[in-house]
file work36.cif (mmCIF, C-alpha atoms)
data_start
#
loop_
_atom_site.label_atom_id
_atom_site.label_comp_id
_atom_site.auth_asym_id
_atom_site.auth_seq_id
_atom_site.Cartn_x
_atom_site.Cartn_y
_atom_site.Cartn_z
CA MET Z 1 5.71 9.66 9.70
CA THR Z 2 5.25 9.49 5.99
CA ILE Z 3 8.02 9.12 3.42
CA GLY Z 4 9.94 12.34 3.29
CA GLU Z 5 9.47 12.87 7.00
CA GLY Z 6 12.39 12.91 8.31
CA PRO Z 7 14.05 -10.73 1.79
CA GLY Z 8 13.33 -14.81 3.04
CA MET Z 9 11.73 -15.08 -0.37
CA GLU Z 10 11.74 -18.01 -2.75
CA GLN Z 11 12.00 -16.55 -6.22
CA SER Z 12 12.98 -17.15 -9.80
CA SER Z 13 14.43 -13.75 -10.69
CA ALA Z 14 18.21 -13.54 -10.25
CA ARG Z 15 18.10 -9.83 -11.04
CA SER Z 16 16.12 -9.04 -7.91
CA ARG Z 17 18.43 -10.92 -5.54
CA ALA Z 18 21.10 -8.25 -5.67
CA SER Z 19 18.91 -5.81 -3.75
CA TRP Z 20 18.10 -8.21 -0.91
CA PRO Z 21 20.01 -8.63 2.38
CA ILE Z 22 22.97 -11.04 2.03
CA PRO Z 23 21.63 -13.72 4.45
CA VAL Z 24 18.43 -13.91 2.47
CA VAL Z 25 20.26 -14.23 -0.85
CA ALA Z 26 22.35 -17.09 0.53
CA ALA Z 27 19.27 -18.83 1.82
CA LEU Z 28 17.65 -18.85 -1.60
CA PHE Z 29 19.91 -21.61 -2.85
CA ALA Z 30 18.74 -23.96 -0.12
CA LEU Z 31 15.04 -23.39 -0.70
CA SER Z 32 12.77 -25.87 -2.39
CA ALA Z 33 10.86 -25.16 -5.58
CA LEU Z 34 8.16 -22.50 -5.46
CA VAL Z 35 4.61 -23.67 -4.76
CA LEU Z 36 2.05 -21.14 -5.93
CA VAL Z 37 -1.13 -20.14 -4.15
CA VAL Z 38 -3.83 -20.93 -6.67
CA THR Z 39 -6.95 -19.69 -4.86
CA ASP Z 40 -7.90 -16.73 -2.77
CA ASP Z 41 -7.49 -16.48 1.01
CA LYS Z 42 -10.70 -18.45 1.59
CA GLY Z 43 -9.73 -21.30 -0.73
CA GLN Z 44 -12.20 -20.12 -3.36
CA ALA Z 45 -11.56 -19.31 -6.99
CA GLY Z 46 -11.91 -15.71 -8.10
CA PRO Z 47 -14.50 -14.44 -10.55
CA GLU Z 48 -14.94 -16.48 -13.69
CA PRO Z 49 -12.97 -15.15 -16.65
CA ARG Z 50 -14.93 -13.78 -19.52
CA PRO Z 51 -15.01 -15.90 -22.69
CA ALA Z 52 -11.51 -16.46 -24.01
CA SER Z 53 -10.50 -14.28 -26.90
CA ALA Z 54 -7.32 -13.40 -28.73
CA GLU Z 55 -5.26 -10.98 -26.68
CA THR Z 56 -5.50 -7.51 -28.19
CA THR Z 57 -2.72 -4.97 -28.23
CA VAL Z 58 -3.01 -2.48 -25.38
CA ASP Z 59 -1.89 1.12 -25.83
CA LEU Z 60 0.27 1.36 -22.72
CA ALA Z 61 1.10 5.01 -23.40
CA SER Z 62 -2.54 5.93 -22.81
CA LEU Z 63 -2.70 4.25 -19.40
CA PRO Z 64 -1.70 5.86 -16.07
CA GLU Z 65 1.06 4.05 -14.18
CA SER Z 66 0.37 2.61 -10.75
CA THR Z 67 3.07 3.92 -8.41
CA THR Z 68 3.24 5.34 -4.89
CA HIS Z 69 2.93 8.81 -6.50
CA THR Z 70 -0.29 8.24 -8.46
CA ARG Z 71 -4.03 7.98 -7.94
CA ILE Z 72 -5.73 5.54 -10.30
CA LYS Z 73 -9.41 5.69 -11.18
CA GLY Z 74 -11.25 2.48 -11.91
CA ALA Z 75 -9.07 0.16 -9.81
CA PRO Z 76 -11.10 -2.65 -8.15
CA LYS Z 77 -11.25 -2.40 -4.37
CA ASP Z 78 -9.70 -5.07 -2.19
CA PRO Z 79 -12.57 -7.49 -1.44
CA ARG Z 80 -11.02 -8.83 1.80
CA PRO Z 81 -8.98 -6.02 3.40
CA GLY Z 82 -8.80 -7.73 6.79
CA LYS Z 83 -7.28 -11.01 5.57
CA LEU Z 84 -3.54 -11.62 5.23
CA PRO Z 85 -2.53 -13.01 1.82
CA LYS Z 86 -0.76 -16.37 1.71
CA GLY Z 87 2.60 -14.92 0.66
CA THR Z 88 2.64 -15.49 -3.11
CA VAL Z 89 4.19 -12.47 -4.83
CA VAL Z 90 4.72 -11.59 -8.48
CA HIS Z 91 7.12 -9.36 -10.41
CA PRO Z 92 6.21 -7.77 -13.75
CA LYS Z 93 9.09 -8.45 -16.15
CA LYS Z 94 8.23 -5.30 -18.10
CA VAL Z 95 5.57 -2.59 -18.09
CA LEU Z 96 2.24 -4.45 -18.16
CA PRO Z 97 -1.44 -3.48 -18.38
CA LEU Z 98 -3.61 -3.89 -15.30
CA TYR Z 99 -7.14 -5.15 -15.87
CA ASP Z 100 -10.34 -4.68 -13.88
CA ALA Z 101 -11.15 -8.42 -14.20
CA PRO Z 102 -9.80 -11.52 -15.97
CA ASP Z 103 -10.10 -10.76 -19.71
CA GLY Z 104 -11.52 -7.41 -18.64
CA LYS Z 105 -10.76 -3.79 -19.42
CA PRO Z 106 -7.25 -2.32 -18.92
CA PHE Z 107 -7.37 0.69 -16.58
CA ALA Z 108 -3.70 1.28 -15.70
CA LYS Z 109 -0.20 -0.17 -16.04
CA ILE Z 110 2.48 -1.38 -13.64
CA GLY Z 111 6.24 -1.27 -14.19
CA PRO Z 112 9.07 -3.57 -13.08
CA ARG Z 113 10.62 -0.96 -10.76
CA GLN Z 114 9.38 1.06 -7.78
CA PHE Z 115 11.79 1.32 -4.82
CA GLY Z 116 13.95 -1.32 -6.50
CA ASP Z 117 12.17 -4.22 -8.20
CA THR Z 118 8.37 -4.29 -8.03
CA TRP Z 119 6.95 -7.31 -6.15
CA LEU Z 120 3.19 -7.41 -5.57
CA PRO Z 121 1.23 -9.77 -3.27
CA VAL Z 122 -1.29 -12.07 -4.92
CA ILE Z 123 -4.73 -12.04 -3.27
CA THR Z 124 -6.61 -14.21 -5.81
CA ARG Z 125 -5.64 -16.51 -8.67
CA ASN Z 126 -7.96 -17.49 -11.53
CA ARG Z 127 -6.60 -19.75 -14.24
CA ASP Z 128 -4.22 -17.57 -16.27
CA TRP Z 129 -4.73 -14.47 -14.10
CA VAL Z 130 -3.73 -13.15 -10.67
CA GLN Z 131 -5.23 -10.30 -8.69
CA VAL Z 132 -2.66 -8.19 -6.83
CA LEU Z 133 -2.55 -5.31 -4.39
CA LEU Z 134 -1.31 -2.05 -5.93
CA PRO Z 135 0.97 0.73 -4.60
CA SER Z 136 -1.18 3.61 -5.91
CA LYS Z 137 -4.00 5.58 -4.33
CA PRO Z 138 -6.71 5.05 -3.27
CA ASN Z 139 -5.69 2.63 -0.54
CA GLY Z 140 -6.90 -0.91 -1.10
CA SER Z 141 -6.59 -0.72 -4.89
CA THR Z 142 -6.11 -3.96 -6.81
CA GLY Z 143 -5.65 -5.09 -10.40
CA TRP Z 144 -5.47 -8.26 -12.51
CA LEU Z 145 -2.35 -9.40 -14.39
CA ARG Z 146 -1.68 -12.25 -16.79
CA SER Z 147 0.37 -14.93 -14.98
CA SER Z 148 2.46 -15.73 -18.07
CA GLN Z 149 4.03 -12.26 -17.98
CA LEU Z 150 5.21 -12.46 -14.38
CA ALA Z 151 8.05 -13.86 -12.30
CA GLN Z 152 6.59 -15.57 -9.24
CA ALA Z 153 7.91 -16.20 -5.74
CA HIS Z 154 6.83 -16.77 -2.15
CA SER Z 155 7.62 -14.70 0.94
CA ARG Z 156 7.83 -16.72 4.17
CA PHE Z 157 7.26 -13.55 6.21
CA MET Z 158 4.20 -11.60 7.32
CA VAL Z 159 3.88 -8.39 9.33
CA ARG Z 160 0.92 -7.57 11.59
CA VAL Z 161 0.36 -4.13 13.08
CA ASP Z 162 -2.28 -3.78 15.79
CA LEU Z 163 -3.22 -0.12 16.22
CA GLY Z 164 -5.32 -0.81 19.31
CA GLU Z 165 -2.41 -2.47 21.09
CA ARG Z 166 0.16 -0.25 19.34
CA SER Z 167 2.26 -3.26 18.51
CA LEU Z 168 3.98 -4.90 15.54
CA GLU Z 169 4.46 -8.65 15.13
CA LEU Z 170 6.76 -10.33 12.60
CA LEU Z 171 6.06 -13.92 11.55
CA GLU Z 172 8.02 -16.43 9.48
CA ASP Z 173 6.11 -19.47 8.18
CA ASN Z 174 3.31 -18.40 10.58
CA ARG Z 175 5.69 -18.65 13.56
CA PRO Z 176 6.23 -15.47 15.61
CA LEU Z 177 9.75 -14.05 15.40
CA GLY Z 178 9.08 -11.08 17.64
CA ARG Z 179 6.54 -8.60 18.91
CA TRP Z 180 7.29 -4.99 19.80
CA ALA Z 181 5.59 -1.88 21.09
CA VAL Z 182 5.58 0.73 18.31
CA ALA Z 183 4.48 4.31 17.67
CA ILE Z 184 1.52 4.77 15.33
CA GLY Z 185 -0.26 7.70 13.69
CA ALA Z 186 -1.68 10.47 15.83
CA SER Z 187 -5.44 11.06 15.89
CA LYS Z 188 -5.26 13.72 13.15
CA THR Z 189 -2.83 11.70 11.01
CA PRO Z 190 -3.85 8.08 11.62
CA THR Z 191 -2.11 5.01 10.28
CA PRO Z 192 -4.40 3.55 7.58
CA THR Z 193 -5.86 0.11 8.22
CA GLY Z 194 -6.22 -2.86 5.88
CA ARG Z 195 -3.82 -5.15 4.11
CA THR Z 196 -0.88 -3.77 2.21
CA PHE Z 197 2.70 -4.85 1.49
CA VAL Z 198 6.38 -3.90 1.70
CA LEU Z 199 6.95 -1.82 -1.43
CA GLY Z 200 10.69 -1.35 -0.99
CA GLN Z 201 13.63 -1.13 1.36
CA LEU Z 202 15.64 2.10 1.52
CA VAL Z 203 18.99 1.86 3.29
CA ASP Z 204 20.89 5.01 4.31
CA ASP Z 205 23.17 4.80 7.33
CA LYS Z 206 23.39 8.60 7.37
CA GLN Z 207 19.63 9.05 7.72
CA PRO Z 208 19.16 10.92 11.02
CA PHE Z 209 16.05 9.11 12.28
CA SER Z 210 16.28 5.62 10.72
CA PRO Z 211 19.04 3.82 8.75
CA VAL Z 212 16.38 1.63 7.06
CA ILE Z 213 12.95 2.66 5.79
CA LEU Z 214 10.40 0.18 4.44
CA PRO Z 215 7.80 2.09 2.39
CA LEU Z 216 4.45 0.33 2.15
CA GLY Z 217 1.83 0.21 -0.58
CA THR Z 218 -0.51 2.50 1.36
CA HIS Z 219 -0.87 6.23 2.02
CA SER Z 220 -1.96 8.70 4.64
CA ALA Z 221 -5.65 9.56 4.44
CA THR Z 222 -5.02 13.09 5.73
CA LEU Z 223 -1.67 14.12 4.21
CA ASP Z 224 -1.32 14.35 0.44
CA SER Z 225 2.34 15.21 0.84
CA TYR Z 226 4.95 15.50 3.56
CA GLY Z 227 8.54 16.62 3.15
CA GLY Z 228 8.20 16.44 -0.62
CA GLY Z 229 6.93 12.84 -0.62
CA PRO Z 230 3.47 11.58 -1.66
CA GLY Z 231 2.28 10.67 1.84
CA THR Z 232 3.53 7.07 1.57
CA VAL Z 233 3.27 5.21 4.88
CA ALA Z 234 6.35 3.29 6.01
CA LEU Z 235 7.88 1.15 8.74
CA HIS Z 236 11.02 2.76 10.15
CA GLY Z 237 13.08 3.31 13.27
CA TRP Z 238 13.16 6.26 15.64
CA THR Z 239 15.81 7.87 17.80
CA ASP Z 240 13.63 8.55 20.86
CA PRO Z 241 12.42 5.28 22.46
CA SER Z 242 9.88 7.15 24.61
CA VAL Z 243 7.49 7.30 21.61
CA PHE Z 244 6.90 3.55 21.47
CA GLY Z 245 3.42 2.61 22.58
CA LYS Z 246 2.07 6.06 21.68
CA ALA Z 247 0.01 7.54 18.83
CA VAL Z 248 2.30 10.37 17.75
CA SER Z 249 3.46 9.88 14.15
CA HIS Z 250 2.25 11.34 10.86
CA GLY Z 251 0.94 7.89 9.90
CA CYS Z 252 4.06 5.77 9.70
CA VAL Z 253 4.87 3.00 12.17
CA ARG Z 254 8.00 3.78 14.21
CA VAL Z 255 9.74 0.67 15.53
CA PRO Z 256 12.55 -0.06 18.03
CA ASP Z 257 16.08 -0.85 16.81
CA ASP Z 258 15.78 -4.62 17.28
CA ALA Z 259 12.50 -4.68 15.38
CA LEU Z 260 14.06 -2.68 12.56
CA GLU Z 261 16.96 -5.14 12.40
CA ALA Z 262 14.50 -8.04 12.13
CA LEU Z 263 12.50 -6.25 9.44
CA ARG Z 264 15.61 -5.85 7.30
CA GLN Z 265 15.36 -9.52 6.32
CA VAL Z 266 11.80 -9.11 5.01
CA PRO Z 267 11.63 -9.24 1.19
CA ILE Z 268 9.84 -6.75 -1.01
CA GLY Z 269 6.23 -7.78 -1.57
CA THR Z 270 5.79 -9.24 1.92
CA PRO Z 271 2.18 -8.84 3.13
CA VAL Z 272 1.44 -6.37 5.92
CA LEU Z 273 -1.88 -6.29 7.79
CA VAL Z 274 -2.81 -3.20 9.79
CA LYS Z 275 -5.86 -3.65 12.01
CA ALA Z 276 -7.63 -1.15 14.22
#
call {"tool": "encode", "arguments": {"input": "work36.cif", "output": "structure tokens"}}
result
Amino acid sequence: MTIGEGPGMEQSSARSRASWPIPVVAALFALSALVLVVTDDKGQAGPEPRPASAETTVDLASLPESTTHTRIKGAPKDPRPGKLPKGTVVHPKKVLPLYDAPDGKPFAKIGPRQFGDTWLPVITRNRDWVQVLLPSKPNGSTGWLRSSQLAQAHSRFMVRVDLGERSLELLEDNRPLGRWAVAIGASKTPTPTGRTFVLGQLVDDKQPFSPVILPLGTHSATLDSYGGGPGTVALHGWTDPSVFGKAVSHGCVRVPDDALEALRQVPIGTPVLVKA
């Protein structure tokens, strides 16, 4: 299913804590100081910044905003879509320009709110810049942000979805917490592969098919819209357990109740890897 179908994070932003599950908020006070990931997933620095120059004023009004509802032209493609990020996440404190490279050209903007606060996974760091995954179309879009304008944190969690095995695995500090059979996209509405992230957590106990929905930063390749939504792929529960282990959804990953309960502790920005 897509949206409309019917957090274990060390962080420095007190404003974001209010939207996280209570056990996670309590755990924050016992966590050690944040240690940032300063290279990409292969331990290599990103592209060299262009020669330093005085930062020019960017006309934000002229830039499209990267959200789950938009398609952004000119966004760099993810260079390593099959590799899980290390867990470093960043939060724009205000609306910020996104660049195509360090000291490059602004092509879009990102705001501090999506489904709650915006937290984006870092895939590369280069001096005063970080490259992040974006929530907008096309899938696998990235952009560069200035580190000085961001709150930074670290998610201890990772989610792996194996479409071949039709399973989902949740890890904390690289230790498995659980593995479940899940329902994935049908052949005509497949679940998109690659690395993405938890874009938000929607809680509604009156929702008929799932009390919690975790929209991801990726979209259906075959559905532009479903039920009024933009085709956003999500992790969510399902009322009929007979679907688990089958390819029957509109692209979303349907999970059992105990998996959904475990996923509730996952913070926004947590990396998700979907492999074929």
call {"tool": "atom_distance", "arguments": {"input": "work36.cif", "atom1": "atom CA of Leu96 of chain Z", "atom2": "atom CA of Gly111 of chain Z"}}
result
6.5 Å
call {"tool": "resolve_selection", "arguments": {"input": "work36.cif", "expression": "the PyMOL selection byres ((chain Z and resi 72-74) around 7)", "output": "list in words"}}
result
Ser66, Thr70, Arg71, Ala75, Pro76, Phe107, Ser136 and Lys137 of chain Z
call {"tool": "write_last_selection", "arguments": {"input": "work36.cif", "atoms": "C-alpha atoms", "output": "CSV table (one decimal), in the coordinates of the input"}}
result
chain,number,residue,atom,x,y,z
Z,66,SER,CA,0.4,2.6,-10.8
Z,70,THR,CA,-0.3,8.2,-8.5
Z,71,ARG,CA,-4.0,8.0,-7.9
Z,75,ALA,CA,-9.1,0.2,-9.8
Z,76,PRO,CA,-11.1,-2.6,-8.2
Z,107,PHE,CA,-7.4,0.7,-16.6
Z,136,SER,CA,-1.2,3.6,-5.9
Z,137,LYS,CA,-4.0,5.6,-4.3
call {"tool": "axis_aligned_box", "arguments": {"input": "work36.cif", "around": "segment 254-264 of chain Z", "padding_each_side": "3 Å", "output": "AutoDock Vina command-line options"}}
result
--center_x 12.5 --center_y -2.1 --center_z 12.7 --size_x 15.0 --size_y 17.8 --size_z 16.7
call {"tool": "closest_atom_pairs", "arguments": {"input": "work36.cif", "of": "segment 111-175 of chain Z", "to": "segment 253-266 of chain Z", "cutoff": "9 Å", "atoms": "all atoms listed in the file", "output": "tab-separated table"}}
result
residue	atom	partner	partner_atom	distance
Z:Ser155	CA	Z:Val266	CA	8.1
Z:Arg156	CA	Z:Val266	CA	8.6
Z:Phe157	CA	Z:Val266	CA	6.5
Z:Met158	CA	Z:Val266	CA	8.3
Z:Val159	CA	Z:Leu263	CA	8.9
Z:Val161	CA	Z:Val253	CA	8.5
Z:Ser167	CA	Z:Val255	CA	9.0
Z:Leu168	CA	Z:Val255	CA	8.0
Z:Glu169	CA	Z:Ala259	CA	9.0
Z:Leu170	CA	Z:Leu263	CA	7.7
call {"tool": "atom_distance", "arguments": {"input": "work36.cif", "atom1": "atom CA of Val233 of chain Z", "atom2": "atom CA of Pro190 of chain Z"}}
result
10.2 Å
call {"tool": "atom_distance", "arguments": {"input": "work36.cif", "atom1": "atom CA of Val272 of chain Z", "atom2": "atom CA of Leu63 of chain Z"}}
result
27.8 Å
call {"tool": "closest_atom_pairs", "arguments": {"input": "work36.cif", "of": "segment 67-89 of chain Z", "to": "segment 196-211 of chain Z", "cutoff": "9 Å", "atoms": "all atoms listed in the file", "output": "Markdown table"}}
result
| residue | atom | partner | partner_atom | distance |
| --- | --- | --- | --- | --- |
| Z:Thr68 | CA | Z:Leu199 | CA | 8.8 |
| Z:Pro81 | CA | Z:Thr196 | CA | 8.5 |
| Z:Leu84 | CA | Z:Thr196 | CA | 8.8 |
call {"tool": "closest_residue", "arguments": {"input": "work36.cif", "among": "Z:Leu235, Z:Ile184, Z:Val58, Z:Cys252", "to": "Ala276 of chain Z", "atoms": "all atoms listed in the file"}}
result
Z:Ile184
call {"tool": "residues_around", "arguments": {"input": "work36.cif", "residues": "Pro230 of chain Z", "least_positions_apart": "4", "cutoff": "6 Å", "atoms": "all atoms listed in the file", "output": "VMD selection string"}}
result
chain Z and resid 69 224 to 225
call {"tool": "resolve_selection", "arguments": {"input": "work36.cif", "expression": "the PyMOL selection byres ((chain Z and resi 101) around 8)", "output": "count of residues only"}}
result
10
call {"tool": "closest_residue", "arguments": {"input": "work36.cif", "among": "Z:Arg175, Z:His250, Z:Lys275, Z:Arg195", "to": "Leu134 of chain Z", "atoms": "all atoms listed in the file"}}
result
Z:Arg195
call {"tool": "closest_residue", "arguments": {"input": "work36.cif", "among": "Z:Leu273, Z:Val132, Z:Val212, Z:Leu145", "to": "Asp78 of chain Z", "atoms": "all atoms listed in the file"}}
result
Z:Val132
call {"tool": "closest_residue", "arguments": {"input": "work36.cif", "among": "Z:Pro64, Z:Pro112, Z:Pro215, Z:Gly251", "to": "Leu163 of chain Z", "atoms": "only C-alpha atoms"}}
result
Z:Gly251
call {"tool": "residues_around", "arguments": {"input": "work36.cif", "residues": "Lys188 of chain Z", "least_positions_apart": "2", "cutoff": "10 Å", "atoms": "only C-alpha atoms", "output": "number ranges by chain"}}
result
Z: 185-186, 190-191, 221-223, 247-251
call {"tool": "write_last_selection", "arguments": {"input": "work36.cif", "atoms": "C-alpha atoms", "output": "PDB file, in the coordinates of the input"}}
result
ATOM      1  CA  GLY Z 185      -0.260   7.700  13.690  1.00  0.00           C
ATOM      2  CA  ALA Z 186      -1.680  10.470  15.830  1.00  0.00           C
ATOM      3  CA  PRO Z 190      -3.850   8.080  11.620  1.00  0.00           C
ATOM      4  CA  THR Z 191      -2.110   5.010  10.280  1.00  0.00           C
ATOM      5  CA  ALA Z 221      -5.650   9.560   4.440  1.00  0.00           C
ATOM      6  CA  THR Z 222      -5.020  13.090   5.730  1.00  0.00           C
ATOM      7  CA  LEU Z 223      -1.670  14.120   4.210  1.00  0.00           C
ATOM      8  CA  ALA Z 247       0.010   7.540  18.830  1.00  0.00           C
ATOM      9  CA  VAL Z 248       2.300  10.370  17.750  1.00  0.00           C
ATOM     10  CA  SER Z 249       3.460   9.880  14.150  1.00  0.00           C
ATOM     11  CA  HIS Z 250       2.250  11.340  10.860  1.00  0.00           C
ATOM     12  CA  GLY Z 251       0.940   7.890   9.900  1.00  0.00           C
TER      13      GLY Z 251
END
call {"tool": "residues_around", "arguments": {"input": "work36.cif", "residues": "Val90 of chain Z", "least_positions_apart": "4", "cutoff": "8 Å", "atoms": "all atoms listed in the file", "output": "ChimeraX atom specification"}}
result
/Z:119-122,150-153
call {"tool": "write_last_selection", "arguments": {"input": "work36.cif", "atoms": "C-alpha atoms", "output": "CSV table (one decimal), in the coordinates of the input"}}
result
chain,number,residue,atom,x,y,z
Z,119,TRP,CA,7.0,-7.3,-6.2
Z,120,LEU,CA,3.2,-7.4,-5.6
Z,121,PRO,CA,1.2,-9.8,-3.3
Z,122,VAL,CA,-1.3,-12.1,-4.9
Z,150,LEU,CA,5.2,-12.5,-14.4
Z,151,ALA,CA,8.0,-13.9,-12.3
Z,152,GLN,CA,6.6,-15.6,-9.2
Z,153,ALA,CA,7.9,-16.2,-5.7
call {"tool": "closest_residue", "arguments": {"input": "work36.cif", "among": "Z:Thr218, Z:His91, Z:Gly245, Z:Pro138", "to": "Asp117 of chain Z", "atoms": "all atoms listed in the file"}}
result
Z:His91
call {"tool": "closest_residue", "arguments": {"input": "work36.cif", "among": "Z:Glu65, Z:Asp59, Z:Glu165, Z:Asp128", "to": "Val182 of chain Z", "atoms": "all atoms listed in the file"}}
result
Z:Glu165
